[in-house]
Amino acid sequence: MTILSRTEQKGRSMVEMLGVLAIIGVLSVGGISGYSKAMAKYKLTKAQDQITMLLMNIRTAYATSPSYSGLNNSVATSFNIAPSDMVTDANAGTMNGAFGGAVTVGSCDTKNAPCATVQATADSESYFFITMADLGREACLSLVTSDWGSDGMVGMSVGGSGITASNLPLPLTGGANNLDANTLCKPGANQQGTDVSWVYY
């Protein structure tokens, strides 16, 4: 007499495995979305900190000087005026911001474009600018609508359009003469990001 033994297979069915994979997929998408938002917020905070630190360091370095004449990227990197996390090549004087675009500083004594768009007398050694280039739309909107205070700020240049300090902070939409963030924070003809400059005395 032969005794047939019955063996039970243990494991998960295909339907159960597909259900688990679907749940993992949903959680992954949510995690990636949350991570992207957190990174964008981190970069924005870092960019604001970099501008503030650069501003304070320039003012400290030139505190005993009657003007900002001669200020440029090479001076900023050579004399440790620029925050170390911005400097990409100290010898060449190159700096990048939190969003990856080039950062430029300079005196308004050579009729630099950011100065000319904000003040009538662009060749003043008493003024300097900080420019963050090639900002994406979201970064531009956030930075130009922030309240940067009025401590020595003459104005701002967004995509080549000058805004005097009395018109800051920029509204998101509905600004007079199209001076609002939504209008100004648009990519240029070659789809590059927007350049934003802050001009101070």
# chains A, B, ... in the order shown; residues from 1 in each chain; ligands from 1
call {"tool": "residues_around", "arguments": {"residues": "A:Pro114", "least_positions_apart": "5", "cutoff": "9 Å", "atoms": "only C-alpha atoms", "output": "mmCIF file with C-alpha atoms, in the first residue's frame"}}
result
data_model
loop_
_atom_site.group_PDB
_atom_site.id
_atom_site.type_symbol
_atom_site.label_atom_id
_atom_site.label_comp_id
_atom_site.auth_asym_id
_atom_site.auth_seq_id
_atom_site.Cartn_x
_atom_site.Cartn_y
_atom_site.Cartn_z
ATOM 1 C CA CYS A 108 29.666 100.368 -9.671
ATOM 2 C CA GLN A 119 20.681 104.149 -10.309
ATOM 3 C CA ALA A 122 26.018 104.244 -12.587
ATOM 4 C CA PHE A 129 26.470 94.788 -6.705
ATOM 5 C CA ILE A 130 26.039 91.059 -6.174
ATOM 6 C CA THR A 131 24.669 89.037 -9.111
ATOM 7 C CA MET A 156 17.547 95.191 -7.663
ATOM 8 C CA SER A 157 17.950 94.194 -11.289
ATOM 9 C CA VAL A 158 15.904 91.208 -12.497
ATOM 10 C CA GLY A 160 17.977 93.436 -16.932
ATOM 11 C CA SER A 161 15.011 95.390 -15.534
ATOM 12 C CA GLY A 162 15.935 97.782 -12.755
ATOM 13 C CA VAL A 196 19.227 88.722 -10.422
ATOM 14 C CA SER A 197 21.407 91.517 -9.003
ATOM 15 C CA TRP A 198 21.279 93.335 -5.691
ATOM 16 C CA VAL A 199 22.813 96.843 -5.576
#
call {"tool": "residues_around", "arguments": {"residues": "A:Ala98", "least_positions_apart": "4", "cutoff": "7 Å", "atoms": "only C-alpha atoms", "output": "list in words"}}
result
Lys43, Lys46 and Ala47 of chain A
call {"tool": "write_last_selection", "arguments": {"atoms": "N, CA and C atoms", "output": "mmCIF file, in the first residue's frame"}}
result
data_model
loop_
_atom_site.group_PDB
_atom_site.id
_atom_site.type_symbol
_atom_site.label_atom_id
_atom_site.label_comp_id
_atom_site.auth_asym_id
_atom_site.auth_seq_id
_atom_site.Cartn_x
_atom_site.Cartn_y
_atom_site.Cartn_z
ATOM 1 N N LYS A 43 18.170 74.723 -0.895
ATOM 2 C CA LYS A 43 18.954 75.565 -1.805
ATOM 3 C C LYS A 43 18.556 77.024 -1.706
ATOM 4 N N LYS A 46 19.995 78.394 1.440
ATOM 5 C CA LYS A 46 21.445 78.517 1.280
ATOM 6 C C LYS A 46 21.792 79.727 0.417
ATOM 7 N N ALA A 47 21.031 79.952 -0.661
ATOM 8 C CA ALA A 47 21.283 81.108 -1.538
ATOM 9 C C ALA A 47 21.095 82.409 -0.767
#
call {"tool": "closest_atom_pairs", "arguments": {"of": "stretch 37-85 of chain A", "to": "stretch 137-149 of chain A", "cutoff": "10 Å", "atoms": "only C-alpha atoms", "output": "JSON lines"}}
result
{"residue": "A:Ala40", "atom": "CA", "partner": "A:Ala139", "partner_atom": "CA", "distance": 8.3}
{"residue": "A:Lys41", "atom": "CA", "partner": "A:Ala139", "partner_atom": "CA", "distance": 9.4}
{"residue": "A:Lys43", "atom": "CA", "partner": "A:Ala139", "partner_atom": "CA", "distance": 8.7}
{"residue": "A:Leu44", "atom": "CA", "partner": "A:Ala139", "partner_atom": "CA", "distance": 6.7}
{"residue": "A:Thr45", "atom": "CA", "partner": "A:Leu143", "partner_atom": "CA", "distance": 9.6}
{"residue": "A:Ala47", "atom": "CA", "partner": "A:Leu143", "partner_atom": "CA", "distance": 8.5}
{"residue": "A:Gln48", "atom": "CA", "partner": "A:Leu143", "partner_atom": "CA", "distance": 7.5}
{"residue": "A:Thr52", "atom": "CA", "partner": "A:Trp148", "partner_atom": "CA", "distance": 9.1}
call {"tool": "atom_distance", "arguments": {"atom1": "atom CA of A:Asn167", "atom2": "atom CA of A:Leu184"}}
result
13.9 Å
call {"tool": "select_by_dssp", "arguments": {"residues": "stretch 36-196 of chain A", "states": "alpha helix (DSSP H)", "output": "PyMOL selection string"}}
result
chain A and resi 36-61+73-78+113-118+137-144+181-184
call {"tool": "write_last_selection", "arguments": {"atoms": "C-alpha atoms", "output": "short mmCIF file (atom, residue, chain, number, x, y, z; two decimals), in the first residue's frame"}}
result
data_model
loop_
_atom_site.label_atom_id
_atom_site.label_comp_id
_atom_site.auth_asym_id
_atom_site.auth_seq_id
_atom_site.Cartn_x
_atom_site.Cartn_y
_atom_site.Cartn_z
CA SER A 36 12.69 67.33 -4.16
CA LYS A 37 10.71 69.93 -2.20
CA ALA A 38 13.10 69.69 0.74
CA MET A 39 16.13 70.14 -1.55
CA ALA A 40 14.57 73.17 -3.25
CA LYS A 41 13.88 74.77 0.14
CA TYR A 42 17.41 73.96 1.31
CA LYS A 43 18.95 75.56 -1.81
CA LEU A 44 16.79 78.66 -1.43
CA THR A 45 17.80 79.11 2.21
CA LYS A 46 21.45 78.52 1.28
CA ALA A 47 21.28 81.11 -1.54
CA GLN A 48 19.79 83.71 0.83
CA ASP A 49 22.50 82.94 3.40
CA GLN A 50 25.24 83.23 0.74
CA ILE A 51 24.02 86.65 -0.40
CA THR A 52 23.71 87.90 3.18
CA MET A 53 27.17 86.59 4.12
CA LEU A 54 28.74 88.06 0.99
CA LEU A 55 27.09 91.42 1.70
CA MET A 56 28.34 91.51 5.29
CA ASN A 57 31.86 90.41 4.31
CA ILE A 58 32.13 93.08 1.59
CA ARG A 59 31.01 95.80 4.00
CA THR A 60 33.44 94.57 6.66
CA ALA A 61 36.36 94.40 4.22
CA ASN A 73 35.52 88.37 -7.98
CA SER A 74 39.31 88.02 -7.80
CA VAL A 75 39.45 90.34 -4.79
CA ALA A 76 36.51 88.58 -3.16
CA THR A 77 38.12 85.13 -3.47
CA SER A 78 41.70 86.22 -2.75
CA ALA A 113 24.99 96.82 -16.08
CA PRO A 114 23.31 95.95 -12.75
CA CYS A 115 24.17 99.39 -11.40
CA ALA A 116 23.06 101.24 -14.51
CA THR A 117 19.59 99.69 -14.39
CA VAL A 118 19.02 100.78 -10.80
CA ARG A 137 11.95 80.33 -12.41
CA GLU A 138 11.09 79.06 -8.91
CA ALA A 139 14.37 80.28 -7.43
CA CYS A 140 13.97 83.67 -9.10
CA LEU A 141 10.39 84.06 -7.86
CA SER A 142 11.39 83.22 -4.30
CA LEU A 143 14.46 85.47 -4.19
CA VAL A 144 12.94 88.58 -5.78
CA ALA A 181 8.11 88.70 -10.19
CA ASN A 182 5.86 86.67 -12.47
CA THR A 183 6.62 88.95 -15.44
CA LEU A 184 10.36 89.35 -14.81
#
call {"tool": "select_by_dssp", "arguments": {"residues": "stretch 82-161 of chain A", "states": "strand (DSSP E)", "output": "ChimeraX atom specification"}}
result
/A:87-89,94-95,103-107,128-135,153-158,161
call {"tool": "atom_distance", "arguments": {"atom1": "atom CA of A:Ser126", "atom2": "atom CA of A:Asp109"}}
result
7.9 Å
call {"tool": "atom_distance", "arguments": {"atom1": "atom CA of A:Gly34", "atom2": "atom CA of A:Thr88"}}
result
29.2 Å
call {"tool": "residues_around", "arguments": {"residues": "A:Ser67", "least_positions_apart": "6", "cutoff": "9 Å", "atoms": "only C-alpha atoms", "output": "MDAnalysis selection string"}}
result
chainID A and resid 107 124:127
call {"tool": "residues_around", "arguments": {"residues": "A:Met86", "least_positions_apart": "6", "cutoff": "6 Å", "atoms": "only C-alpha atoms", "output": "list of chain:residue names"}}
result
A:Met95, A:Asn96, A:Gly97
call {"tool": "closest_residue", "arguments": {"among": "A:Gly25, A:Pro187, A:Gly93, A:Gly175", "to": "A:Asn72", "atoms": "only C-alpha atoms"}}
result
A:Gly93
call {"tool": "decode", "arguments": {"residues": "stretch 84-111 of chain A", "atoms": "N, CA and C atoms", "output": "compact mmCIF listing (two decimals), in the first residue's frame"}}
result
# COMPACT_ATOMS: atom_id res chain seq x y z
N SER A 84 33.28 80.28 1.64
CA SER A 84 34.06 79.19 1.04
C SER A 84 33.21 78.25 0.20
N ASP A 85 31.93 78.08 0.56
CA ASP A 85 31.10 77.16 -0.22
C ASP A 85 30.68 77.73 -1.58
N MET A 86 31.00 79.00 -1.83
CA MET A 86 30.70 79.62 -3.13
C MET A 86 31.88 79.56 -4.08
N VAL A 87 33.08 79.50 -3.53
CA VAL A 87 34.30 79.60 -4.35
C VAL A 87 34.54 78.28 -5.08
N THR A 88 34.59 78.35 -6.41
CA THR A 88 34.89 77.15 -7.19
C THR A 88 36.34 77.13 -7.66
N ASP A 89 36.93 78.30 -7.85
CA ASP A 89 38.34 78.40 -8.23
C ASP A 89 38.86 79.74 -7.73
N ALA A 90 39.59 79.71 -6.63
CA ALA A 90 40.09 80.95 -6.01
C ALA A 90 41.07 81.68 -6.93
N ASN A 91 41.89 80.93 -7.66
CA ASN A 91 42.87 81.57 -8.53
C ASN A 91 42.21 82.30 -9.69
N ALA A 92 41.15 81.73 -10.23
CA ALA A 92 40.46 82.36 -11.35
C ALA A 92 39.39 83.34 -10.87
N GLY A 93 39.07 83.31 -9.58
CA GLY A 93 38.06 84.21 -9.04
C GLY A 93 36.65 83.82 -9.42
N THR A 94 36.40 82.52 -9.59
CA THR A 94 35.06 82.08 -9.96
C THR A 94 34.28 81.62 -8.74
N MET A 95 33.01 82.00 -8.73
CA MET A 95 32.11 81.63 -7.63
C MET A 95 30.79 81.14 -8.22
N ASN A 96 30.19 80.18 -7.56
CA ASN A 96 28.87 79.69 -7.94
C ASN A 96 27.94 79.74 -6.73
N GLY A 97 26.67 80.02 -7.00
CA GLY A 97 25.67 80.07 -5.94
C GLY A 97 25.07 78.71 -5.66
N ALA A 98 24.13 78.67 -4.76
CA ALA A 98 23.49 77.42 -4.34
C ALA A 98 22.77 76.72 -5.48
N PHE A 99 22.31 77.47 -6.48
CA PHE A 99 21.59 76.88 -7.60
C PHE A 99 22.50 76.56 -8.78
N GLY A 100 23.81 76.73 -8.61
CA GLY A 100 24.77 76.35 -9.63
C GLY A 100 25.19 77.43 -10.59
N GLY A 101 24.48 78.54 -10.64
CA GLY A 101 24.84 79.63 -11.55
C GLY A 101 26.00 80.45 -11.02
N ALA A 102 26.64 81.19 -11.92
CA ALA A 102 27.78 82.02 -11.55
C ALA A 102 27.34 83.17 -10.65
N VAL A 103 28.22 83.54 -9.73
CA VAL A 103 28.00 84.69 -8.85
C VAL A 103 29.09 85.72 -9.17
N THR A 104 28.67 86.97 -9.33
CA THR A 104 29.60 88.04 -9.66
C THR A 104 29.41 89.19 -8.67
N VAL A 105 30.52 89.76 -8.23
CA VAL A 105 30.46 90.96 -7.39
C VAL A 105 31.31 92.03 -8.05
N GLY A 106 30.99 93.29 -7.77
CA GLY A 106 31.80 94.36 -8.34
C GLY A 106 31.37 95.72 -7.86
N SER A 107 32.25 96.65 -8.09
CA SER A 107 31.97 98.04 -7.77
C SER A 107 31.20 98.66 -8.93
N CYS A 108 30.43 99.68 -8.63
CA CYS A 108 29.67 100.37 -9.67
C CYS A 108 30.49 101.48 -10.32
N ASP A 109 31.81 101.45 -10.14
CA ASP A 109 32.65 102.52 -10.70
C ASP A 109 32.96 102.32 -12.18
N THR A 110 32.51 101.23 -12.76
CA THR A 110 32.82 100.99 -14.18
C THR A 110 31.55 100.84 -15.01
N LYS A 111 30.48 101.45 -14.56
CA LYS A 111 29.19 101.41 -15.27
C LYS A 111 28.73 99.98 -15.54
